[in-house]
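Since the structure comes first, as structure tokens, the remarks are kept for the end.
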Amino acid sequence: MPGGGGALVVDAAGAAASGYSSEITFTVVMSCLMAASGGLIFGYDISITGGLTQMTSFLEAFFPEIIEKINNTQQDAYCIFDSQVLTTFVSSLYLAGVFACLVAGHVTRKVGRRNSMLIGASFFLVGAVLNCAAVNIYMLVIGRIFLGFAVGFTNQSAPVYLAEIAPARWRGAFTSIFHFFLNVGMFVADLVNYRANTIPGWGWRLSLGVGIIPAVVILVGAVFIPDSPNSLVLRGKVEEARHSLRRIRGPAADVDMELKDIMRAAEEGGRHKSGAFRRIMLREYRPHLVMAIAIPLFFELTGMIVVTLFAPLLFYTIGFTSQKAILGSIITDVVSLASISVAAFSVDRFGRRFLFKLGGGVLLACLVGMTWIFGAELGTDGGKAMPRPYAVAVVALACLFVAGFGVSWGPLKWIIPSEIFPLEVRSAGQSMSESISLTLTFVQTQSFLAMLCSFKYGSFAYNAGWVVVMTAFIIAFLPETKGVPIEAMGAVWARHWYWKRFVKPAPAPEPTPDKQTDGSLEM
């Protein structure tokens, strides 16, 4: 069934289905931690550039013209970092990631989720070495391109891997680990930048070189985790899938029901002659296609790029020193990690829709506040110095924004696309979603500094308007998916007031005894 194909009972509250084990085994925990570590390197590469782009040693080596702007007392504060070469260095990672994502969907379907993550880890290692050893801007950009290839493979495969091996009862929490690790990477990057910023001459090499360490760890560690049973069944390796499922769910678990539903979903997908990318365009996949486009689109339009990628530049613009700007970014990282931890414990209790609505309200209030403060205190020409109390208020609003983002769009951007697609289009759907996200990130990183220079405080009002639109969309069109087994997701779409006209109804459920376990950790 295009909607999800499972023959499992899903009650009105979206509870986990009968016949599935919800036991959290040692293998599940270690596999999820290793898979989610791809987010750690991605987060490191995101945040390291935010500190680098205002680090004196880095600017002296590659962008001396920006040093001249900083020393010019008549310079418009909004436009100090407006440099196309600088933004090309930052954005090249995302453009490479777009192309890698389109290839990764096909590769992942052929070689499996785990092997796709291994490919990504290899690219991470090459890119980190090139960046650390760079002697000119060309080496920097080439290194960032390799890192982009890595992001394309790991971001396509890791969230789906997490969703497929996690017990249905805890899938939201386990999938959110990817975003948590992403923010751990950002936190580590800001700590490294804080120290590297005090080292004259070669401090920037320390910032870029530290990324080699987690790349090696993940490259080695990924060898020892099992591939997901869903991926193995899709490649015709049923016995290996059974072994993987027993290893994941525990030796005492009865995996027959879950394996049967995975096989049914794979068989349904095998009946289609068209490729996965063409198949997802069919009418019965309309809700999945819309979400594959809408979720990453809205994610990028929340304004998160201002308070994540460009946080140090934002704080520098409002009058903080380079070192204090990085410290401000470290503070927002801590807030982000705390909020994501709250989301991990809340997403499977209160549901996805509740967190989206809560986060939308917080983001809107913060963006409106930033618009007012920047407009009133920094002015339209960037010629005024922002008074310190208002600069501190901007930092506070940025922290509140990060908290709202961290409990909503941050983790849910990874959770929703990883769990909603039927098996036959799962790799294609995740590739499409991540390609759109990376494309928009490329566009924004390439244009944000110029946009800030041109639109001034209107940049924040622009994102505020989009937050209103995306929150209304979620309320109207995203059904609740908490606790629903991943291969039984079709029942959710079939009950939705709007999407039910597109999705074929699920087949009648087969009666099975309740074998759900208590969720204890098996060691």
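Starting from 1 in every chain, residues are counted up; chains themselves are A, B, ... following the order of the structure tokens, and ligands are numbered from 1 as listed.
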Just want the 7 Å neighbourhood of Val347 (chain A), counted on only C-alpha atoms, with same-chain residues fewer than 4 positions away dropped. Output as a list of chain:residue names. A:Gly172, A:Ala173, A:Ala343, A:Gly351, A:Arg352
Output of the above residues as a PDB file, in the first residue's frame, restricted to N, CA and C atoms:
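File part.pdb, as written:
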```
ATOM      1  N   GLY A 172      10.422   8.789  18.030  1.00  0.00           N
ATOM      2  CA  GLY A 172      10.674  10.227  18.020  1.00  0.00           C
ATOM      3  C   GLY A 172      11.900  10.598  18.830  1.00  0.00           C
ATOM      4  N   ALA A 173      12.040   9.983  20.008  1.00  0.00           N
ATOM      5  CA  ALA A 173      13.190  10.284  20.864  1.00  0.00           C
ATOM      6  C   ALA A 173      14.489   9.839  20.216  1.00  0.00           C
ATOM      7  N   ALA A 343      12.817  18.265  24.073  1.00  0.00           N
ATOM      8  CA  ALA A 343      12.051  17.748  22.936  1.00  0.00           C
ATOM      9  C   ALA A 343      12.128  16.230  22.865  1.00  0.00           C
ATOM     10  N   GLY A 351       3.449  14.613  21.421  1.00  0.00           N
ATOM     11  CA  GLY A 351       3.212  14.552  19.990  1.00  0.00           C
ATOM     12  C   GLY A 351       3.933  15.621  19.211  1.00  0.00           C
ATOM     13  N   ARG A 352       3.999  15.398  17.889  1.00  0.00           N
ATOM     14  CA  ARG A 352       4.718  16.312  16.999  1.00  0.00           C
ATOM     15  C   ARG A 352       3.990  17.638  16.821  1.00  0.00           C
TER      16      ARG A 352
END
```
Region 223-226 of chain A: which residues within 10 Å, counting only C-alpha atoms, same-chain residues fewer than 6 positions away excluded, as an MDAnalysis selection string? chainID A and resid 27:28 30:32 34:35 113:115 117:118 165 240:241 243:245 247:248
Mind giving me the straight-line distance from CA of Ile373 (chain A) to CA of Phe401 (chain A) in Å, one decimal?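 The value is 14.7 Å.
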Could you make a table, as a tab-separated table, of the residues of region 149-205 of chain A that have an atom within 12 Å of an atom of region 321-332 of chain A, each with its nearest atom pair and distance in Å to one decimal, counting only C-alpha atoms, in chain and number order?
```
residue	atom	partner	partner_atom	distance
A:Asn183	CA	A:Thr332	CA	10.1
A:Val184	CA	A:Ile330	CA	10.7
A:Gly185	CA	A:Ile330	CA	11.4
A:Met186	CA	A:Ile330	CA	8.5
A:Phe187	CA	A:Ile330	CA	6.1
A:Val188	CA	A:Ile330	CA	8.7
A:Ala189	CA	A:Ile330	CA	8.9
A:Asp190	CA	A:Ile330	CA	5.7
A:Leu191	CA	A:Ile330	CA	6.9
A:Val192	CA	A:Ile326	CA	9.9
A:Asn193	CA	A:Ile326	CA	7.2
A:Tyr194	CA	A:Ile326	CA	6.0
A:Arg195	CA	A:Gln323	CA	9.1
A:Ala196	CA	A:Gln323	CA	10.0
A:Asn197	CA	A:Gln323	CA	7.0
A:Thr198	CA	A:Gln323	CA	8.2
A:Ile199	CA	A:Gln323	CA	11.7
```
Separation of CA of Tyr462 (chain A) from CA of Leu52 (chain A), in Å and rounded to one decimal: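 Going from CA of Tyr462 (chain A) over to CA of Leu52 (chain A) covers 26.8 Å.
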Could you pull out the alpha helix (DSSP H) residues of region 291-515 of chain A, going by DSSP on the backbone, and write them as a VMD selection string? chain A and resid 291 to 300 304 to 307 311 to 317 322 to 350 352 to 373 388 to 406 409 to 420 426 to 455 458 to 477 490 to 495
Near Leu355 (chain A), counting only C-alpha atoms, which residues have an atom at most 10 Å away, once you skip same-chain residues fewer than 5 positions from it, shown as a PDB file with N, CA, C and O atoms, in the first residue's frame?
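Listing of part_15.pdb after writing:
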```
ATOM      1  N   ALA A 343      12.817  18.265  24.073  1.00  0.00           N
ATOM      2  CA  ALA A 343      12.051  17.748  22.936  1.00  0.00           C
ATOM      3  C   ALA A 343      12.128  16.230  22.865  1.00  0.00           C
ATOM      4  O   ALA A 343      11.119  15.566  22.571  1.00  0.00           O
ATOM      5  N   SER A 346       9.765  14.840  25.221  1.00  0.00           N
ATOM      6  CA  SER A 346       8.380  15.295  25.045  1.00  0.00           C
ATOM      7  C   SER A 346       7.728  14.815  23.756  1.00  0.00           C
ATOM      8  O   SER A 346       6.507  14.680  23.697  1.00  0.00           O
ATOM      9  N   VAL A 347       8.528  14.555  22.717  1.00  0.00           N
ATOM     10  CA  VAL A 347       7.969  14.324  21.395  1.00  0.00           C
ATOM     11  C   VAL A 347       7.096  13.077  21.335  1.00  0.00           C
ATOM     12  O   VAL A 347       6.086  13.054  20.611  1.00  0.00           O
ATOM     13  N   PHE A 350       3.826  14.161  24.102  1.00  0.00           N
ATOM     14  CA  PHE A 350       2.860  15.187  23.719  1.00  0.00           C
ATOM     15  C   PHE A 350       2.581  15.224  22.218  1.00  0.00           C
ATOM     16  O   PHE A 350       1.600  15.824  21.787  1.00  0.00           O
ATOM     17  N   GLY A 360       6.313  27.477  17.159  1.00  0.00           N
ATOM     18  CA  GLY A 360       5.904  28.556  16.269  1.00  0.00           C
ATOM     19  C   GLY A 360       5.604  29.842  17.019  1.00  0.00           C
ATOM     20  O   GLY A 360       5.995  30.940  16.583  1.00  0.00           O
ATOM     21  N   GLY A 404      12.987  27.806  21.438  1.00  0.00           N
ATOM     22  CA  GLY A 404      11.770  27.488  20.692  1.00  0.00           C
ATOM     23  C   GLY A 404      12.048  26.622  19.477  1.00  0.00           C
ATOM     24  O   GLY A 404      11.298  25.683  19.172  1.00  0.00           O
ATOM     25  N   PHE A 405      13.144  26.920  18.799  1.00  0.00           N
ATOM     26  CA  PHE A 405      13.539  26.130  17.633  1.00  0.00           C
ATOM     27  C   PHE A 405      13.959  24.726  18.044  1.00  0.00           C
ATOM     28  O   PHE A 405      13.657  23.735  17.366  1.00  0.00           O
ATOM     29  N   GLY A 406      14.651  24.632  19.178  1.00  0.00           N
ATOM     30  CA  GLY A 406      15.160  23.350  19.632  1.00  0.00           C
ATOM     31  C   GLY A 406      14.099  22.368  20.077  1.00  0.00           C
ATOM     32  O   GLY A 406      14.326  21.156  20.067  1.00  0.00           O
ATOM     33  N   VAL A 407      12.919  22.851  20.479  1.00  0.00           N
ATOM     34  CA  VAL A 407      11.842  21.939  20.873  1.00  0.00           C
ATOM     35  C   VAL A 407      10.868  21.680  19.734  1.00  0.00           C
ATOM     36  O   VAL A 407       9.926  20.920  19.889  1.00  0.00           O
ATOM     37  N   SER A 408      11.083  22.313  18.592  1.00  0.00           N
ATOM     38  CA  SER A 408      10.096  22.169  17.509  1.00  0.00           C
ATOM     39  C   SER A 408      10.769  21.861  16.177  1.00  0.00           C
ATOM     40  O   SER A 408      11.101  20.700  15.892  1.00  0.00           O
ATOM     41  N   TRP A 409      10.987  22.865  15.358  1.00  0.00           N
ATOM     42  CA  TRP A 409      11.465  22.650  14.000  1.00  0.00           C
ATOM     43  C   TRP A 409      12.846  22.015  13.959  1.00  0.00           C
ATOM     44  O   TRP A 409      13.152  21.266  13.016  1.00  0.00           O
ATOM     45  N   LEU A 412      12.249  18.136  14.783  1.00  0.00           N
ATOM     46  CA  LEU A 412      11.133  17.602  13.996  1.00  0.00           C
ATOM     47  C   LEU A 412      11.415  17.623  12.496  1.00  0.00           C
ATOM     48  O   LEU A 412      10.842  16.843  11.739  1.00  0.00           O
TER      49      LEU A 412
END
```
Two-atom distance - CA of Lys357 (chain A), CA of Thr471 (chain A) (Å):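 Separating CA of Lys357 (chain A) from CA of Thr471 (chain A) is a distance of 6.2 Å.
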Shortest interatomic distance to Gly97 (chain A) - which of A:Ala215, A:Met432, A:Cys453, A:Ile486, counting only C-alpha atoms: A:Met432
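Considering the residues A:Lys504, A:His496, A:Arg205, A:Arg278 and counting only C-alpha atoms, Ser57 (chain A) has its shortest atom-to-atom contact with A:Arg205.
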